[in-house]
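Quick notes on the structure that follows.
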Amino acid sequence: MTPEMTELARRAVACNGWRWMPGMMINTGFRCVWVDDETFRSFDQNGNETYGSTDCLSPDLTDPATLGCVLALVREKHNDPSAHVYWSALFRAWAVSFSCRGMGNYATEADALVAALEAKP
């Protein structure tokens, strides 16, 4: 991941409402299959298993499944099952629509989702 994506991932993990979810890809290329407050269990594409501490992890915000999990966290935080992320052709930017309001003009889908996760409900 680029330094910018790593910083964005750290912002996401620091958000109120953040939690690790099964299916998320971590920065080491492993996919999380089990997680609690402090530890995770994951597998890579070859079936290699690893355990570790969630303190050392960043989510891979370039992974589609991870972005879907972040969207689920945004929906939970804002208590809005209709929240969605979309590309605005007019503004040539990403935006999130939730709670009868929109947040827009982000360079990437991940930027938009993290901003929505950071926003107060």
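Letters A, B, ... go to the chains of the structure tokens in the order shown; residues in each chain start at 1; ligands are counted from 1 in the same order.
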Query raised in the report: Within 7 Å of stretch 59-63 of chain A, counting only C-alpha atoms, which residues qualify if same-chain residues fewer than 6 places away don't, as JSON, numbers by chain?
Result: {"A": [5, 9, 24, 25, 26, 27, 110]}
Report task. Determine, counting only C-alpha atoms, which protein, DNA and RNA residues have an atom within 7 Å of an atom of A:Val35; residues of the same chain fewer than 2 positions away are not included. Present the result as a list in words. Result -> Trp20, Met21, Pro22, Val33, Asp37, Thr39, Phe40 and Arg41 of chain A
Residues within 10 Å of stretch 101-108 of chain A, please, as an mmCIF file with N, CA and C atoms, in the first residue's frame. Count only C-alpha atoms; anything in the same chain fewer than 2 positions from it doesn't count.
```cif
data_model
loop_
_atom_site.group_PDB
_atom_site.id
_atom_site.type_symbol
_atom_site.label_atom_id
_atom_site.label_comp_id
_atom_site.auth_asym_id
_atom_site.auth_seq_id
_atom_site.Cartn_x
_atom_site.Cartn_y
_atom_site.Cartn_z
ATOM 1 N N LEU A 61 -7.310 -0.921 2.124
ATOM 2 C CA LEU A 61 -8.450 -0.175 1.580
ATOM 3 C C LEU A 61 -8.474 -0.146 0.058
ATOM 4 N N THR A 62 -7.649 -0.964 -0.567
ATOM 5 C CA THR A 62 -7.747 -1.150 -2.016
ATOM 6 C C THR A 62 -8.503 -2.433 -2.340
ATOM 7 N N ALA A 83 -27.288 3.889 3.193
ATOM 8 C CA ALA A 83 -26.042 4.605 2.888
ATOM 9 C C ALA A 83 -25.309 3.897 1.751
ATOM 10 N N HIS A 84 -24.761 4.702 0.863
ATOM 11 C CA HIS A 84 -24.032 4.134 -0.265
ATOM 12 C C HIS A 84 -22.952 5.102 -0.747
ATOM 13 N N VAL A 85 -21.969 4.554 -1.406
ATOM 14 C CA VAL A 85 -20.882 5.337 -1.980
ATOM 15 C C VAL A 85 -21.064 5.336 -3.494
ATOM 16 N N TYR A 86 -20.769 6.462 -4.130
ATOM 17 C CA TYR A 86 -20.974 6.549 -5.572
ATOM 18 C C TYR A 86 -19.995 7.533 -6.201
ATOM 19 N N TRP A 87 -19.804 7.376 -7.504
ATOM 20 C CA TRP A 87 -18.973 8.280 -8.282
ATOM 21 C C TRP A 87 -19.868 9.366 -8.862
ATOM 22 N N SER A 88 -19.527 10.617 -8.622
ATOM 23 C CA SER A 88 -20.269 11.741 -9.179
ATOM 24 C C SER A 88 -19.580 12.201 -10.458
ATOM 25 N N PHE A 91 -19.036 16.109 -10.542
ATOM 26 C CA PHE A 91 -17.907 16.655 -9.788
ATOM 27 C C PHE A 91 -16.611 15.867 -10.000
ATOM 28 N N ARG A 92 -16.724 14.741 -10.720
ATOM 29 C CA ARG A 92 -15.578 13.866 -10.955
ATOM 30 C C ARG A 92 -14.892 13.513 -9.635
ATOM 31 N N ALA A 93 -15.723 13.054 -8.698
ATOM 32 C CA ALA A 93 -15.237 12.722 -7.354
ATOM 33 C C ALA A 93 -16.156 11.678 -6.729
ATOM 34 N N TRP A 94 -15.672 11.035 -5.678
ATOM 35 C CA TRP A 94 -16.449 10.056 -4.926
ATOM 36 C C TRP A 94 -17.253 10.756 -3.850
ATOM 37 N N ALA A 95 -18.398 10.191 -3.510
ATOM 38 C CA ALA A 95 -19.255 10.751 -2.476
ATOM 39 C C ALA A 95 -19.963 9.614 -1.744
ATOM 40 N N VAL A 96 -20.455 9.929 -0.566
ATOM 41 C CA VAL A 96 -21.260 8.999 0.224
ATOM 42 C C VAL A 96 -22.569 9.687 0.530
ATOM 43 N N SER A 97 -23.651 8.964 0.379
ATOM 44 C CA SER A 97 -24.969 9.484 0.715
ATOM 45 C C SER A 97 -25.493 8.697 1.900
ATOM 46 N N PHE A 98 -25.860 9.405 2.979
ATOM 47 C CA PHE A 98 -26.420 8.755 4.158
ATOM 48 C C PHE A 98 -27.185 9.762 4.994
ATOM 49 N N SER A 99 -28.114 9.261 5.757
ATOM 50 C CA SER A 99 -28.888 10.071 6.697
ATOM 51 C C SER A 99 -29.435 11.346 6.063
ATOM 52 N N ALA A 110 -12.233 4.876 -1.042
ATOM 53 C CA ALA A 110 -11.768 4.681 0.339
ATOM 54 C C ALA A 110 -11.767 5.992 1.104
ATOM 55 N N ASP A 111 -11.335 7.089 0.474
ATOM 56 C CA ASP A 111 -11.349 8.405 1.130
ATOM 57 C C ASP A 111 -12.777 8.773 1.556
ATOM 58 N N ALA A 112 -13.728 8.559 0.652
ATOM 59 C CA ALA A 112 -15.122 8.894 0.947
ATOM 60 C C ALA A 112 -15.666 8.070 2.095
ATOM 61 N N LEU A 113 -15.362 6.775 2.097
ATOM 62 C CA LEU A 113 -15.871 5.899 3.163
ATOM 63 C C LEU A 113 -15.245 6.234 4.514
ATOM 64 N N ALA A 115 -14.065 9.164 5.458
ATOM 65 C CA ALA A 115 -14.649 10.444 5.879
ATOM 66 C C ALA A 115 -16.047 10.216 6.478
ATOM 67 N N ALA A 116 -16.839 9.348 5.881
ATOM 68 C CA ALA A 116 -18.168 9.053 6.414
ATOM 69 C C ALA A 116 -18.067 8.341 7.753
ATOM 70 N N ALA A 119 -17.287 10.982 10.309
ATOM 71 C CA ALA A 119 -18.354 11.972 10.535
ATOM 72 C C ALA A 119 -19.232 11.582 11.721
#
```
Requested in this report: Name the residues of stretch 10-114 of chain A that fall into helix (DSSP H, G or I) according to DSSP on the backbone, using the chain letters and numbers of this document, as number ranges by chain.
Outcome: A: 10-14, 54-56, 64-77, 109-114
**Report entry** Which residue of A:Val13, A:Glu109, A:Arg31, A:Val114 approaches A:Ala65 most closely, using only C-alpha atoms
**Finding:** A:Arg31
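From atom CA of A:Lys77 back to atom CA of A:Thr6, the distance works out to 22.4 Å.
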Report task. Per DSSP on the backbone, filter chain A down to the residues in strand (DSSP E) and report them as an MDAnalysis selection string. Result -> chainID A and resid 31:35 39:43 49:53 84:88 93:98 101:106
Keeping only N, CA and C atoms, write the selected residues to a file as a compact mmCIF listing (two decimals), in the first residue's frame.
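The file below, out.txt, is the result:
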```txt
# COMPACT_ATOMS: atom_id res chain seq x y z
N ARG A 31 -6.32 -12.51 4.61
CA ARG A 31 -7.73 -12.18 4.78
C ARG A 31 -8.18 -12.64 6.16
N CYS A 32 -8.78 -11.73 6.90
CA CYS A 32 -9.23 -11.98 8.25
C CYS A 32 -10.43 -12.93 8.23
N VAL A 33 -10.36 -14.02 8.98
CA VAL A 33 -11.49 -14.95 9.06
C VAL A 33 -12.09 -15.02 10.46
N TRP A 34 -11.34 -14.60 11.44
CA TRP A 34 -11.84 -14.58 12.81
C TRP A 34 -11.14 -13.46 13.54
N VAL A 35 -11.86 -12.72 14.32
CA VAL A 35 -11.25 -11.61 15.04
C VAL A 35 -12.04 -11.36 16.32
N THR A 39 -7.12 -10.12 19.01
CA THR A 39 -6.39 -11.06 18.16
C THR A 39 -7.17 -11.38 16.89
N PHE A 40 -6.44 -11.83 15.88
CA PHE A 40 -7.08 -12.22 14.63
C PHE A 40 -6.51 -13.55 14.17
N ARG A 41 -7.23 -14.19 13.30
CA ARG A 41 -6.79 -15.41 12.61
C ARG A 41 -7.07 -15.15 11.14
N SER A 42 -6.09 -15.43 10.30
CA SER A 42 -6.28 -15.13 8.89
C SER A 42 -5.55 -16.15 8.02
N PHE A 43 -5.91 -16.12 6.74
CA PHE A 43 -5.32 -17.02 5.75
C PHE A 43 -4.92 -16.20 4.53
N GLU A 49 -1.90 -20.06 7.28
CA GLU A 49 -2.64 -19.47 8.39
C GLU A 49 -1.70 -18.65 9.26
N THR A 50 -2.24 -17.60 9.84
CA THR A 50 -1.48 -16.78 10.77
C THR A 50 -2.39 -16.30 11.89
N TYR A 51 -1.80 -16.06 13.04
CA TYR A 51 -2.48 -15.44 14.17
C TYR A 51 -1.68 -14.21 14.53
N GLY A 52 -2.31 -13.27 15.17
CA GLY A 52 -1.55 -12.10 15.60
C GLY A 52 -2.40 -11.14 16.38
N SER A 53 -1.81 -10.00 16.64
CA SER A 53 -2.46 -8.95 17.40
C SER A 53 -3.07 -7.93 16.44
N HIS A 84 -24.76 4.70 0.86
CA HIS A 84 -24.03 4.13 -0.27
C HIS A 84 -22.95 5.10 -0.75
N VAL A 85 -21.97 4.55 -1.41
CA VAL A 85 -20.88 5.34 -1.98
C VAL A 85 -21.06 5.34 -3.49
N TYR A 86 -20.77 6.46 -4.13
CA TYR A 86 -20.97 6.55 -5.57
C TYR A 86 -19.99 7.53 -6.20
N TRP A 87 -19.80 7.38 -7.50
CA TRP A 87 -18.97 8.28 -8.28
C TRP A 87 -19.87 9.37 -8.86
N SER A 88 -19.53 10.62 -8.62
CA SER A 88 -20.27 11.74 -9.18
C SER A 88 -19.58 12.20 -10.46
N ALA A 93 -15.72 13.05 -8.70
CA ALA A 93 -15.24 12.72 -7.35
C ALA A 93 -16.16 11.68 -6.73
N TRP A 94 -15.67 11.03 -5.68
CA TRP A 94 -16.45 10.06 -4.93
C TRP A 94 -17.25 10.76 -3.85
N ALA A 95 -18.40 10.19 -3.51
CA ALA A 95 -19.26 10.75 -2.48
C ALA A 95 -19.96 9.61 -1.74
N VAL A 96 -20.46 9.93 -0.57
CA VAL A 96 -21.26 9.00 0.22
C VAL A 96 -22.57 9.69 0.53
N SER A 97 -23.65 8.96 0.38
CA SER A 97 -24.97 9.48 0.72
C SER A 97 -25.49 8.70 1.90
N PHE A 98 -25.86 9.40 2.98
CA PHE A 98 -26.42 8.75 4.16
C PHE A 98 -27.18 9.76 4.99
N ARG A 101 -28.36 13.15 3.78
CA ARG A 101 -27.37 14.15 3.40
C ARG A 101 -26.26 13.46 2.62
N GLY A 102 -25.48 14.24 1.98
CA GLY A 102 -24.38 13.68 1.21
C GLY A 102 -23.06 14.29 1.62
N MET A 103 -22.03 13.53 1.42
CA MET A 103 -20.66 14.01 1.62
C MET A 103 -19.93 13.69 0.34
N GLY A 104 -19.31 14.69 -0.29
CA GLY A 104 -18.71 14.40 -1.57
C GLY A 104 -17.36 15.02 -1.80
N ASN A 105 -16.89 14.83 -3.02
CA ASN A 105 -15.64 15.38 -3.50
C ASN A 105 -14.40 14.75 -2.88
N TYR A 106 -14.35 13.44 -2.90
CA TYR A 106 -13.19 12.69 -2.42
C TYR A 106 -12.50 12.02 -3.59
```
Query raised in the report: How many Å lie between atom CA of A:Val70 and atom CA of A:Leu117, rounded to one decimal?
Result: 8.0 Å
